[in-house]
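The structure appears right after this line, and notes come after that.
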Amino acid sequence: MAIDRYSYPFTAIVGQDQMKLALVLNAINPTIGGVLIRGEKGTGKSTAVRALARLLPDQEVVEGCHFGCHPEDPEDWCLDCRERAASGALPVSTRRMRVVELPINASEDRVVGTIDLEAALKEGSRRFEPGVLAEANRNILYVDEVNLLDDHIVDVLLDAAAMGINTVEREGVSVSHPSRFILVGTMNPEEGELRPQLLDRFGLCVDVEGIRDLDQRVAIVEKRGHWEEDPNKFSQEHAESEQAVKSRIAEAIGTFPEVSLPRQILRLIAQISIALEVDGHRSDLVCARAAQAKAAYDSADEVDVNHVGEVAEMVFAHRVHSVPFGKGGPNLGEVISRMVGQA
């Protein structure tokens, strides 16, 4: 049986707990703003992303819609769905969430889509050839080596991720469509950094590296070997743990809007941002959303200091300019741990 018919189970991935948590939190609440995974190759980044996609709930979509519009969310319908709805009920189908990959050499037209200007000028019609951002709507957009992309392309991706809409304008002709997705970017810092302005716009950031623990490294090779030998059997062995995580994610997606954020938690988040001297207020918003998603994942009704402590390093890792409190001072983790402990 062909191996590529099966994704490696999410729960079979050894280590990399922070990376897996960051992915799960964005799946629960995509408004966190995506995750940037920094680190060397061969650390399970793409494996984890594809494995997560298999755990996410199936989606209701308007049948035949290129953008996969939700039939019960008319505010986010594309123009075609609006026109179809005006003439009758929309047919509904279901689909699985998938991973849409952005080619490293993608042009702006390939990313945002193109407008047939000739048809627009001659016929007055808006013929639109959808791009990657259209395919990514309500899916996971995976951008490998994001630091090697042209800054303008990265800007376009981050704008769409923040606004939930993609607008293409050519010679006075404009087309817009929904573009809400879970953004996952990866990069190897040795190959170049992202500008600080772009870094800040990723909600979370985790640093990954090869595991140094002897037993865990052996377990990685053993598990991979078992999967390649019989992926069906290997997947069945992890079916129970996969279902457990799948159920937790589905429940959290439904309950996180109801999880309360006490004022003292918001004050703690603000105090951490001030102590670390981060720019702007995006860190406060992201930390609150991530802590709320973590509380929902833990089936809690209210965010507490522990939830903040579990997500804070992922929120601030790429936003701190230098070691706070002077050379040789406490590192990021120490500052967060101390402030959470005092709360």
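We name chains A, B, ... following the order of the structure tokens; residues begin at 1 in each chain, and ligands are numbered from 1 as shown.
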
**Q.** Contacts of Arg84 of chain A within 12 Å, only C-alpha atoms, excl. fewer than 3 positions in-chain, as a PyMOL selection string
**A.** chain A and resi 62-65+71+74+77-81+87-91

Polymer residues at most 7 Å from segment 276-293 of chain A, only C-alpha atoms, same-chain spacing of 2 or more positions, as a PDB file with C-alpha atoms, in the first residue's frame:
ATOM      1  CA  LEU A  25      -3.949  26.747  19.307  1.00  0.00           C
ATOM      2  CA  ILE A  28      -8.774  26.403  17.697  1.00  0.00           C
ATOM      3  CA  ASN A  29      -8.608  30.162  17.112  1.00  0.00           C
ATOM      4  CA  ILE A  32      -4.199  34.263  16.799  1.00  0.00           C
ATOM      5  CA  GLY A 203       0.933  35.515  16.045  1.00  0.00           C
ATOM      6  CA  PHE A 256     -13.324  29.012  23.237  1.00  0.00           C
ATOM      7  CA  VAL A 259     -14.019  31.116  27.911  1.00  0.00           C
ATOM      8  CA  ILE A 269      -0.350  40.039  29.997  1.00  0.00           C
ATOM      9  CA  ALA A 270       0.109  43.810  29.799  1.00  0.00           C
ATOM     10  CA  ILE A 272       4.713  41.092  30.684  1.00  0.00           C
ATOM     11  CA  SER A 273       4.600  43.166  27.497  1.00  0.00           C
ATOM     12  CA  ILE A 274       5.779  46.254  29.381  1.00  0.00           C
ATOM     13  CA  ALA A 295      -7.958  27.208  28.335  1.00  0.00           C
ATOM     14  CA  ALA A 296     -10.567  25.893  25.909  1.00  0.00           C
ATOM     15  CA  TYR A 297      -8.233  23.035  24.933  1.00  0.00           C
ATOM     16  CA  VAL A 303      -8.202  31.655  31.654  1.00  0.00           C
ATOM     17  CA  HIS A 307      -2.514  29.259  30.638  1.00  0.00           C
ATOM     18  CA  VAL A 308      -0.667  32.544  30.159  1.00  0.00           C
ATOM     19  CA  VAL A 311       1.721  30.389  25.743  1.00  0.00           C
ATOM     20  CA  ALA A 312       3.663  33.542  26.637  1.00  0.00           C
ATOM     21  CA  VAL A 315       3.961  35.042  21.867  1.00  0.00           C
ATOM     22  CA  PHE A 316       7.039  37.069  22.830  1.00  0.00           C
ATOM     23  CA  ARG A 319       9.081  40.350  19.610  1.00  0.00           C
ATOM     24  CA  VAL A 320      11.842  40.966  22.155  1.00  0.00           C
ATOM     25  CA  PRO A 324      15.822  42.507  28.794  1.00  0.00           C
TER      26      PRO A 324
END

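Each of A:Arg54, A:Lys233, A:Arg82, A:His70 was compared to Val99 of chain A using only C-alpha atoms, and A:Arg54 turns out to be the nearest.
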
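Summary of the local environment: counting only C-alpha atoms, residues at most 9 Å from Ile104 of chain A, other than itself and those fewer than 2 positions away along its chain, are Leu102, Ala106, Val143, Asp144, Glu145, Val146, Leu148 and Leu149 of chain A.
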
Store the residues picked out above, limited to N, CA and C atoms, as an mmCIF file, in the first residue's frame.
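Wrote it out as selection32.cif, contents follow:
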data_model
loop_
_atom_site.group_PDB
_atom_site.id
_atom_site.type_symbol
_atom_site.label_atom_id
_atom_site.label_comp_id
_atom_site.auth_asym_id
_atom_site.auth_seq_id
_atom_site.Cartn_x
_atom_site.Cartn_y
_atom_site.Cartn_z
ATOM 1 N N LEU A 102 2.564 27.003 -0.529
ATOM 2 C CA LEU A 102 2.952 28.106 -1.403
ATOM 3 C C LEU A 102 4.319 27.801 -2.003
ATOM 4 N N ALA A 106 6.794 31.453 -6.181
ATOM 5 C CA ALA A 106 5.489 31.930 -6.624
ATOM 6 C C ALA A 106 5.514 33.430 -6.914
ATOM 7 N N VAL A 143 3.778 27.831 4.307
ATOM 8 C CA VAL A 143 4.790 28.588 3.559
ATOM 9 C C VAL A 143 6.166 28.171 4.059
ATOM 10 N N ASP A 144 6.830 27.319 3.295
ATOM 11 C CA ASP A 144 8.165 26.865 3.668
ATOM 12 C C ASP A 144 9.190 27.926 3.266
ATOM 13 N N GLU A 145 10.193 28.116 4.134
ATOM 14 C CA GLU A 145 11.261 29.090 3.887
ATOM 15 C C GLU A 145 10.690 30.476 3.589
ATOM 16 N N VAL A 146 9.809 30.924 4.463
ATOM 17 C CA VAL A 146 9.148 32.208 4.265
ATOM 18 C C VAL A 146 10.140 33.361 4.210
ATOM 19 N N LEU A 148 12.786 33.484 2.583
ATOM 20 C CA LEU A 148 13.385 33.590 1.258
ATOM 21 C C LEU A 148 12.409 34.182 0.242
ATOM 22 N N LEU A 149 11.170 34.419 0.660
ATOM 23 C CA LEU A 149 10.202 35.038 -0.231
ATOM 24 C C LEU A 149 10.470 36.542 -0.340
#

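Counting only C-alpha atoms and comparing A:Lys20, A:Arg95, A:Lys223, A:His152, the residue that lies closest to Val49 of chain A is A:Lys20.
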
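Here atom CA of Leu23 of chain A is placed at a distance of 22.0 Å from atom CA of Gln197 of chain A.
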
Q) With only C-alpha atoms as the atoms that count, which of A:Gly15, A:Gly164, A:Pro257, A:Pro196 lies nearest to Asp215 of chain A? A) A:Gly15

Q. Using only C-alpha atoms, which of the listed residues (A:Thr114, A:Glu108, A:Val175, A:His238) sits closest to Val156 of chain A?
A. A:Glu108

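Candidate residues A:Asn26, A:Thr94, A:Gln18, A:Ser174 were compared for distance to Glu313 of chain A, and the nearest is A:Gln18, using only C-alpha atoms.
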
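Considering the residues A:Asp213, A:Gly309, A:Val206, A:Ser107 and counting only C-alpha atoms, Val154 of chain A has its shortest atom-to-atom contact with A:Ser107.
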
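Take atom CA of Ser93 of chain A and atom CA of Ala22 of chain A: the distance between them is 29.7 Å.
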
(Q) Report as a list in words all protein, DNA and RNA residues lying within 10 Å of Ala317 of chain A, evaluated on only C-alpha atoms, omitting residues in the same chain fewer than 6 positions from it. (A) Asp200, Leu204, Cys205, Val206, Asp207, Leu332 and Gly333 of chain A

Q: Taking the DSSP assignment computed from this structure's backbone, write out as an NGL selection string all residues of segment 12-195 of chain A that belong to helix (DSSP H, G or I).
A: :A and (12 or 17-28 or 30-32 or 45-53 or 74-76 or 79-86 or 108-112 or 117-123 or 132-136 or 146-148 or 151-163 or 189-191)

Considering only C-alpha atoms, return as a compact mmCIF listing (two decimals) with N, CA and C atoms, in the first residue's frame whatever protein or nucleic-acid residues lie within 12 Å of Asn306 of chain A, sequence-local ones (same chain, fewer than 6 positions apart) excluded.
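Written file, around_6.txt:
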# COMPACT_ATOMS: atom_id res chain seq x y z
N ILE A 265 -5.99 38.78 34.49
CA ILE A 265 -5.19 38.08 33.49
C ILE A 265 -4.75 39.07 32.41
N LEU A 268 -1.92 41.00 33.79
CA LEU A 268 -0.68 40.22 33.78
C LEU A 268 -0.05 40.24 32.40
N ILE A 269 -0.86 40.04 31.37
CA ILE A 269 -0.35 40.04 30.00
C ILE A 269 0.27 41.39 29.66
N ALA A 291 -4.02 32.30 25.13
CA ALA A 291 -4.33 31.79 26.46
C ALA A 291 -5.78 31.31 26.52
N GLN A 292 -6.65 32.03 25.85
CA GLN A 292 -8.06 31.63 25.80
C GLN A 292 -8.22 30.31 25.05
N LYS A 294 -5.90 28.01 24.78
CA LYS A 294 -5.31 26.96 25.63
C LYS A 294 -6.28 26.56 26.73
N ALA A 295 -6.97 27.53 27.31
CA ALA A 295 -7.96 27.21 28.34
C ALA A 295 -9.08 26.34 27.76
N ASP A 298 -8.00 22.89 27.34
CA ASP A 298 -7.94 22.21 28.63
C ASP A 298 -9.32 22.04 29.27
N ALA A 300 -11.32 24.33 30.31
CA ALA A 300 -11.49 25.27 31.42
C ALA A 300 -12.50 26.34 31.02
N ALA A 312 2.98 32.25 26.70
CA ALA A 312 3.66 33.54 26.64
C ALA A 312 4.97 33.51 25.86
N ILE A 336 9.28 35.62 32.14
CA ILE A 336 7.88 35.18 32.10
C ILE A 336 7.55 34.33 33.33
N SER A 337 8.42 33.38 33.64
CA SER A 337 8.18 32.49 34.79
C SER A 337 8.05 33.29 36.09
N MET A 339 7.19 36.49 36.47
CA MET A 339 5.99 37.33 36.51
C MET A 339 4.73 36.50 36.68
N VAL A 340 4.68 35.34 36.02
CA VAL A 340 3.53 34.44 36.19
C VAL A 340 3.49 33.91 37.61
N GLY A 341 4.67 33.61 38.17
CA GLY A 341 4.73 33.12 39.55
C GLY A 341 4.29 34.13 40.56
N GLN A 342 4.49 35.41 40.26
CA GLN A 342 4.11 36.47 41.20
C GLN A 342 2.64 36.87 41.08
N ALA A 343 2.01 36.45 39.97
CA ALA A 343 0.62 36.87 39.72
C ALA A 343 -0.35 36.19 40.68

Q.
If I take atom CA of Asn137 of chain A and atom CA of Ser179 of chain A, how far is one from the other in Å, to one decimal?
A. 4.5 Å
